[in-house]
file query_3.cif (mmCIF, C-alpha atoms)
data_entry
#
loop_
_atom_site.label_atom_id
_atom_site.label_comp_id
_atom_site.auth_asym_id
_atom_site.auth_seq_id
_atom_site.Cartn_x
_atom_site.Cartn_y
_atom_site.Cartn_z
CA MET A 1 -49.95 32.54 18.55
CA PHE A 2 -49.53 29.42 20.71
CA ARG A 3 -45.72 29.28 20.70
CA GLY A 4 -43.90 31.87 22.74
CA SER A 5 -42.91 32.74 26.31
CA TRP A 6 -44.14 34.66 29.33
CA VAL A 7 -42.80 38.16 29.98
CA TYR A 8 -43.22 40.29 33.08
CA ASP A 9 -45.60 43.22 32.57
CA GLU A 10 -46.49 45.72 35.30
CA SER A 11 -49.67 46.77 33.48
CA ASP A 12 -51.36 43.45 34.26
CA PRO A 13 -53.90 42.47 35.49
CA LEU A 14 -56.55 44.44 33.64
CA TYR A 15 -59.15 44.09 36.41
CA ASP A 16 -59.42 43.76 40.19
CA SER A 17 -60.77 40.35 41.18
CA SER A 18 -62.16 41.72 44.46
CA THR A 19 -64.64 43.93 42.59
CA CYS A 20 -65.93 41.30 40.17
CA PRO A 21 -69.34 39.79 41.06
CA PHE A 22 -68.99 36.82 38.69
CA LEU A 23 -65.94 35.03 40.09
CA ASP A 24 -66.22 31.77 41.97
CA PRO A 25 -64.62 32.84 45.28
CA GLU A 26 -62.32 29.80 45.56
CA PHE A 27 -60.36 31.07 42.54
CA ASP A 28 -59.75 34.54 44.01
CA CYS A 29 -56.35 33.64 45.45
CA GLN A 30 -55.67 37.11 46.85
CA ARG A 31 -58.87 36.91 48.87
CA TYR A 32 -57.61 33.76 50.55
CA GLY A 33 -54.20 35.05 51.47
CA ARG A 34 -51.84 34.27 48.64
CA PRO A 35 -48.82 36.38 49.69
CA ASP A 36 -47.31 37.11 46.26
CA LYS A 37 -48.77 38.98 43.28
CA SER A 38 -46.16 38.26 40.64
CA TYR A 39 -48.39 35.61 39.01
CA LEU A 40 -50.72 38.48 38.04
CA LYS A 41 -48.00 40.30 36.14
CA TYR A 42 -47.09 37.96 33.30
CA ARG A 43 -48.15 38.51 29.70
CA TRP A 44 -48.03 35.92 26.93
CA LYS A 45 -45.70 36.95 24.11
CA PRO A 46 -46.06 34.80 20.97
CA ASP A 47 -42.98 34.16 18.85
CA ALA A 48 -44.57 35.04 15.51
CA CYS A 49 -47.07 37.81 16.24
CA GLU A 50 -48.19 40.46 18.70
CA LEU A 51 -51.21 39.41 20.73
CA PRO A 52 -53.74 42.28 20.93
CA ARG A 53 -54.75 43.40 24.39
CA PHE A 54 -58.23 42.37 25.41
CA ASN A 55 -60.72 45.18 24.76
CA GLY A 56 -64.12 44.30 26.13
CA LEU A 57 -65.84 47.38 24.73
CA ASP A 58 -64.54 46.58 21.27
CA LEU A 59 -65.76 42.98 21.58
CA LEU A 60 -69.21 44.11 22.72
CA ARG A 61 -69.47 46.52 19.80
CA ARG A 62 -68.35 43.92 17.27
CA TRP A 63 -70.76 41.31 18.57
CA LYS A 64 -73.72 43.58 19.28
CA GLY A 65 -76.94 41.58 19.49
CA LYS A 66 -75.10 38.23 19.48
CA LYS A 67 -75.00 35.23 21.81
CA ILE A 68 -71.69 33.75 22.97
CA MET A 69 -71.62 30.49 24.93
CA PHE A 70 -68.67 29.30 27.03
CA ARG A 71 -67.91 26.39 29.30
CA GLN A 72 -66.08 28.74 31.69
CA PRO A 73 -67.18 32.16 33.04
CA VAL A 74 -63.88 34.01 32.73
CA ALA A 75 -64.84 36.04 29.68
CA VAL A 76 -67.70 37.57 31.65
CA THR A 77 -65.25 39.03 34.15
CA ARG A 78 -63.22 40.61 31.39
CA LEU A 79 -66.25 42.12 29.66
CA HIS A 80 -67.72 43.39 32.93
CA ALA A 81 -64.43 44.99 33.97
CA SER A 82 -64.07 46.72 30.61
CA ARG A 83 -67.20 48.83 31.08
CA ARG A 84 -66.80 51.18 33.98
CA ARG A 85 -70.08 52.96 33.29
CA PRO A 86 -72.72 50.70 31.76
CA ARG A 87 -75.72 52.64 30.52
CA ARG A 88 -78.26 50.19 31.97
CA GLN A 89 -78.33 47.43 34.53
CA ASP A 90 -77.00 44.14 33.16
CA ASP A 91 -79.42 41.22 33.32
CA LEU A 92 -78.16 38.07 35.10
CA GLN A 93 -80.13 34.82 35.01
CA LYS A 94 -78.80 31.68 36.65
CA ASN A 95 -79.79 28.08 37.41
CA ASP A 96 -77.95 24.79 38.02
CA THR A 97 -76.75 24.31 34.44
CA LEU A 98 -77.14 27.67 32.71
CA SER A 99 -75.99 31.19 33.58
CA THR A 100 -76.67 34.07 31.22
CA ILE A 101 -75.62 37.67 31.57
CA THR A 102 -76.94 40.09 29.00
CA PHE A 103 -75.02 43.33 28.58
CA THR A 104 -78.16 45.31 27.93
CA ASP A 105 -76.46 48.37 26.48
CA TYR A 106 -75.14 46.18 23.62
CA GLY A 107 -77.60 43.29 23.56
CA VAL A 108 -74.75 40.80 23.91
CA SER A 109 -75.58 37.65 25.88
CA VAL A 110 -72.70 35.67 27.39
CA ILE A 111 -73.86 32.21 28.40
CA ARG A 112 -72.14 29.69 30.63
CA TYR A 113 -73.44 26.17 30.12
CA GLN A 114 -72.43 23.54 32.65
CA SER A 115 -71.69 20.31 30.76
CA THR A 116 -68.45 18.97 32.15
CA TYR A 117 -68.18 15.90 29.91
CA LEU A 118 -70.13 17.28 26.91
CA VAL A 119 -71.82 13.86 26.74
CA ASP A 120 -74.65 12.92 29.12
CA ILE A 121 -74.77 11.57 32.64
CA VAL A 122 -78.16 9.90 33.19
CA GLU A 123 -79.87 8.13 36.07
CA GLU A 124 -80.46 4.45 35.31
CA ARG A 125 -81.55 1.54 37.48
CA ILE A 126 -77.92 0.72 38.27
CA GLY A 127 -77.03 4.31 39.21
CA ARG A 128 -75.48 7.33 37.51
CA VAL A 129 -74.25 6.40 34.05
CA LEU A 130 -71.84 8.33 31.84
CA ARG A 131 -73.16 7.72 28.31
CA LEU A 132 -70.37 8.07 25.79
CA ASP A 133 -72.78 7.99 22.83
CA SER A 134 -75.43 10.48 23.98
CA ILE A 135 -75.75 14.28 23.87
CA GLN A 136 -79.29 15.17 24.89
CA SER A 137 -78.12 18.54 26.18
CA GLY A 138 -77.03 19.64 22.72
CA ALA A 139 -80.30 21.49 22.15
CA ALA A 140 -79.03 24.22 24.49
CA TRP A 141 -76.14 24.89 22.10
CA LEU A 142 -78.34 25.73 19.13
CA GLY A 143 -79.07 29.29 18.03
CA VAL A 144 -75.81 30.66 19.46
CA ASP A 145 -73.44 32.80 17.38
CA VAL A 146 -70.18 31.70 19.04
CA LEU A 147 -69.67 28.38 20.83
CA VAL A 148 -66.54 27.73 22.91
CA PHE A 149 -66.22 24.14 24.13
CA ASN A 150 -63.74 22.48 26.44
CA THR A 151 -63.54 19.29 28.47
CA TRP A 152 -61.04 16.70 29.83
CA HIS A 153 -60.54 18.20 33.32
CA TRP A 154 -63.32 16.04 34.80
CA TRP A 155 -62.47 12.91 32.83
CA THR A 156 -59.60 12.14 35.22
CA HIS A 157 -61.62 12.52 38.44
CA LYS A 158 -62.10 9.43 40.58
CA GLY A 159 -63.57 8.56 43.95
CA ARG A 160 -65.98 11.03 45.56
CA SER A 161 -65.25 13.73 42.98
CA GLN A 162 -66.40 11.43 40.14
CA PRO A 163 -70.06 12.24 39.35
CA TRP A 164 -70.91 8.87 37.74
CA ASP A 165 -70.98 5.21 38.80
CA TYR A 166 -70.78 3.42 35.43
CA VAL A 167 -69.78 4.08 31.83
CA ARG A 168 -72.04 3.04 28.96
CA ASP A 169 -70.32 2.47 25.62
CA GLY A 170 -73.06 1.44 23.22
CA ASP A 171 -74.54 -1.81 24.58
CA GLN A 172 -71.63 -2.35 26.96
CA VAL A 173 -71.68 -1.09 30.56
CA HIS A 174 -68.40 -0.79 32.46
CA LYS A 175 -67.62 0.03 36.07
CA ASP A 176 -64.67 1.98 34.70
CA MET A 177 -62.48 2.11 31.61
CA ASP A 178 -59.29 3.71 30.37
CA ARG A 179 -60.00 7.43 30.70
CA LEU A 180 -58.23 8.39 27.46
CA VAL A 181 -60.26 5.79 25.57
CA ALA A 182 -63.47 7.07 27.17
CA PHE A 183 -62.50 10.66 26.40
CA ASN A 184 -61.86 9.75 22.76
CA LYS A 185 -65.28 8.11 22.45
CA GLY A 186 -67.09 10.95 24.19
CA LEU A 187 -65.34 13.65 22.18
CA THR A 188 -66.11 11.75 18.97
CA THR A 189 -69.80 11.81 19.92
CA TRP A 190 -69.56 15.58 20.43
CA ALA A 191 -67.80 15.97 17.06
CA LYS A 192 -70.55 14.03 15.29
CA TRP A 193 -73.14 16.27 16.95
CA VAL A 194 -71.36 19.41 15.72
CA ASP A 195 -71.03 18.01 12.19
CA ALA A 196 -74.74 17.15 12.12
CA ASN A 197 -76.19 20.24 13.79
CA ILE A 198 -74.00 23.32 13.33
CA ASN A 199 -74.24 25.68 10.37
CA PRO A 200 -70.80 27.33 10.01
CA ALA A 201 -72.38 30.31 8.24
CA ALA A 202 -74.36 31.11 11.40
CA THR A 203 -72.23 29.77 14.25
CA LYS A 204 -68.49 29.91 14.83
CA VAL A 205 -67.20 26.99 16.90
CA PHE A 206 -64.04 26.94 19.02
CA PHE A 207 -62.55 24.14 21.08
CA GLN A 208 -60.29 25.21 23.91
CA GLY A 209 -57.38 22.83 24.35
CA ILE A 210 -56.35 20.80 27.37
CA SER A 211 -55.80 22.64 30.64
CA PRO A 212 -52.79 21.01 32.37
CA THR A 213 -52.04 20.30 36.02
CA HIS A 214 -48.85 20.78 38.06
CA TYR A 215 -48.67 18.06 40.71
CA LYS A 216 -45.19 16.72 39.87
CA GLY A 217 -42.20 19.04 39.98
CA ALA A 218 -40.16 16.60 37.90
CA GLU A 219 -42.37 17.49 34.93
CA TRP A 220 -40.91 20.99 34.84
CA GLY A 221 -37.42 19.91 35.85
CA ASP A 222 -37.58 20.49 39.63
CA THR A 223 -37.35 17.19 41.49
CA ASN A 224 -37.50 19.05 44.83
CA ALA A 225 -40.98 20.46 44.15
CA LYS A 226 -43.82 18.16 45.20
CA ASN A 227 -46.47 20.26 43.49
CA CYS A 228 -47.32 23.85 42.54
CA TYR A 229 -47.20 25.22 46.10
CA GLY A 230 -44.71 28.06 46.51
CA GLN A 231 -44.14 28.51 42.77
CA THR A 232 -43.96 32.23 41.99
CA GLN A 233 -42.60 32.34 38.44
CA PRO A 234 -43.44 30.63 35.14
CA VAL A 235 -41.20 27.99 33.62
CA SER A 236 -38.66 29.96 31.59
CA GLY A 237 -38.36 29.63 27.84
CA SER A 238 -40.85 28.27 25.34
CA THR A 239 -40.69 24.49 25.88
CA TYR A 240 -42.03 22.33 28.70
CA PRO A 241 -39.72 19.56 29.95
CA GLY A 242 -42.63 17.22 30.68
CA GLY A 243 -43.73 17.14 27.06
CA PRO A 244 -47.30 17.16 25.72
CA VAL A 245 -50.39 16.03 27.61
CA PRO A 246 -51.64 12.68 26.18
CA ALA A 247 -55.18 14.04 25.81
CA GLN A 248 -53.87 16.61 23.32
CA GLY A 249 -53.45 13.83 20.78
CA VAL A 250 -57.09 12.85 21.19
CA VAL A 251 -58.25 16.43 20.60
CA THR A 252 -56.08 16.82 17.50
CA SER A 253 -57.23 13.51 16.04
CA VAL A 254 -60.95 14.07 16.65
CA LEU A 255 -60.97 17.66 15.38
CA GLY A 256 -58.95 16.65 12.33
CA ALA A 257 -61.60 14.12 11.30
CA MET A 258 -64.52 16.57 11.47
CA SER A 259 -66.32 17.88 8.39
CA LYS A 260 -67.35 21.21 9.96
CA PRO A 261 -64.71 23.83 10.88
CA VAL A 262 -63.78 23.96 14.56
CA HIS A 263 -61.04 26.37 15.60
CA LEU A 264 -58.62 24.96 18.18
CA LEU A 265 -57.52 27.38 20.90
CA ASP A 266 -54.35 25.48 21.72
CA ILE A 267 -53.69 26.84 25.22
CA THR A 268 -51.95 23.74 26.60
CA LEU A 269 -48.26 24.62 26.21
CA LEU A 270 -48.59 28.22 27.35
CA SER A 271 -50.54 26.94 30.38
CA GLN A 272 -47.98 24.22 31.13
CA LEU A 273 -45.41 26.97 31.54
CA ARG A 274 -47.54 28.55 34.31
CA ARG A 275 -46.71 26.32 37.27
CA ASP A 276 -47.13 29.48 39.39
CA ALA A 277 -50.73 30.30 38.44
CA HIS A 278 -52.74 27.77 40.49
CA PRO A 279 -54.59 28.43 43.78
CA SER A 280 -52.46 25.75 45.51
CA ALA A 281 -53.27 26.29 49.23
CA TYR A 282 -55.13 29.57 48.68
CA SER A 283 -58.63 28.45 47.70
CA GLY A 284 -60.61 29.02 50.88
CA ASP A 285 -62.09 26.12 52.80
CA HIS A 286 -61.37 23.55 50.09
CA PRO A 287 -59.01 20.90 51.50
CA GLY A 288 -55.88 19.71 49.77
CA MET A 289 -53.60 21.28 47.20
CA ASP A 290 -55.27 22.71 44.09
CA CYS A 291 -52.82 22.53 41.19
CA SER A 292 -55.45 21.94 38.52
CA HIS A 293 -57.63 25.07 38.67
CA TRP A 294 -56.29 28.61 38.15
CA CYS A 295 -56.25 31.85 40.11
CA LEU A 296 -58.44 34.71 38.89
CA ALA A 297 -57.33 37.19 37.86
CA GLY A 298 -54.63 35.15 36.16
CA LEU A 299 -53.86 32.71 33.37
CA PRO A 300 -57.45 32.15 32.09
CA ASP A 301 -57.56 35.83 31.16
CA THR A 302 -54.89 35.06 28.57
CA TRP A 303 -57.06 32.27 27.18
CA ASN A 304 -59.79 34.80 26.56
CA GLN A 305 -57.30 37.28 25.14
CA ILE A 306 -56.45 34.62 22.56
CA LEU A 307 -60.14 34.04 21.85
CA TYR A 308 -60.59 37.80 21.44
CA ALA A 309 -57.77 37.83 18.88
CA ALA A 310 -59.41 34.93 17.03
CA LEU A 311 -62.70 36.84 16.85
CA LEU A 312 -61.20 40.01 15.36
#
call {"tool": "encode", "arguments": {"input": "query_3.cif", "output": "structure tokens"}}
result
Amino acid sequence: MFRGSWVYDESDPLYDSSTCPFLDPEFDCQRYGRPDKSYLKYRWKPDACELPRFNGLDLLRRWKGKKIMFRQPVAVTRLHASRRRPRRQDDLQKNDTLSTITFTDYGVSVIRYQSTYLVDIVEERIGRVLRLDSIQSGAAWLGVDVLVFNTWHWWTHKGRSQPWDYVRDGDQVHKDMDRLVAFNKGLTTWAKWVDANINPAATKVFFQGISPTHYKGAEWGDTNAKNCYGQTQPVSGSTYPGGPVPAQGVVTSVLGAMSKPVHLLDITLLSQLRRDAHPSAYSGDHPGMDCSHWCLAGLPDTWNQILYAALL
């Protein structure tokens, strides 16, 4: 399912981003003037199977009365767009860390929990501390039927976009440390929490793989490209010249050592091929070039299509 190539498909996208109330506006690239639409028209074609089209109504029926928790809100857009005539008003509840929409005609709750590092950031006397050995927020993950985790994107942030001042590793406090090492320690803490707290008979756990960036054209074989700006087509073929993302090895190692089953949604390679799918300069008032997030509609819809296939 995770090896294949992108093919052009006029039937995509399956929803209109301008009519979706759940999208963060900075990811609606058409709203902010992106001139091309070809990035909306590519479908992932695996080498060894046929990926089923996302069917939100089918998913709601299969998971009637269940709770599904994500780290990203994209699945909500797909489910909302699939029901043109809901029988009752959907219930949306939102605060700083938790957003829940309940599709009342099916009793399905889709929950977005904001925990960028999975481990805790706490206020201490010295300032904001990233604690690699602590998951106090894990209580919010209990009692959910499907859990979909992801992280890494924020682990590379520095300067003003870094939401912590120090890193605590056991008794040791560091001003900074190798980010891959920190990621490994933090993800290991998360893995231990899952092993200790999750009942596989009641909760199905997924980990979504590393979401790549496209800031260096040399990585996809174009030394003339400074970043993702102006890219309108995927990388052709089924291999990425830049090779794997180092954080992938951490994910594979940590998941492989776990005692409880966690299903890896290995979206990294198929996303690496999508140099064309970022907001780049079309993300509203946000300064700079965004080659790390993704346009919506767009590539993240394929991630949820893969999750849908895994839930069938």
call {"tool": "resolve_selection", "arguments": {"input": "query_3.cif", "expression": "the PyMOL selection byres ((chain A and resi 49) around 10)", "output": "list in words"}}
result
Met1, Phe2, Arg3, Gly4, Lys45, Pro46, Asp47, Ala48, Glu50, Leu51 and Pro52 of chain A
call {"tool": "residues_around", "arguments": {"input": "query_3.cif", "residues": "Phe149 in chain A", "least_positions_apart": "4", "cutoff": "8 Å", "atoms": "all atoms listed in the file", "output": "JSON, numbers by chain"}}
result
{"A": [70, 71, 205, 206, 207, 208]}
call {"tool": "resolve_selection", "arguments": {"input": "query_3.cif", "expression": "the PyMOL selection byres ((chain A and resi 174) around 12)", "output": "list in words"}}
result
Ile126, Arg128, Val129, Leu130, Arg131, Leu132, Trp164, Asp165, Tyr166, Val167, Arg168, Asp169, Gly170, Asp171, Gln172, Val173, Lys175, Asp176, Met177, Asp178, Arg179 and Ala182 of chain A
call {"tool": "closest_residue", "arguments": {"input": "query_3.cif", "among": "A:Ile210, A:Leu57, A:Leu180, A:Ile267", "to": "Thr151 in chain A", "atoms": "only C-alpha atoms"}}
result
A:Ile210
call {"tool": "closest_residue", "arguments": {"input": "query_3.cif", "among": "A:Leu269, A:Ile198, A:Val181, A:Val235", "to": "Val250 in chain A", "atoms": "all atoms listed in the file"}}
result
A:Val181
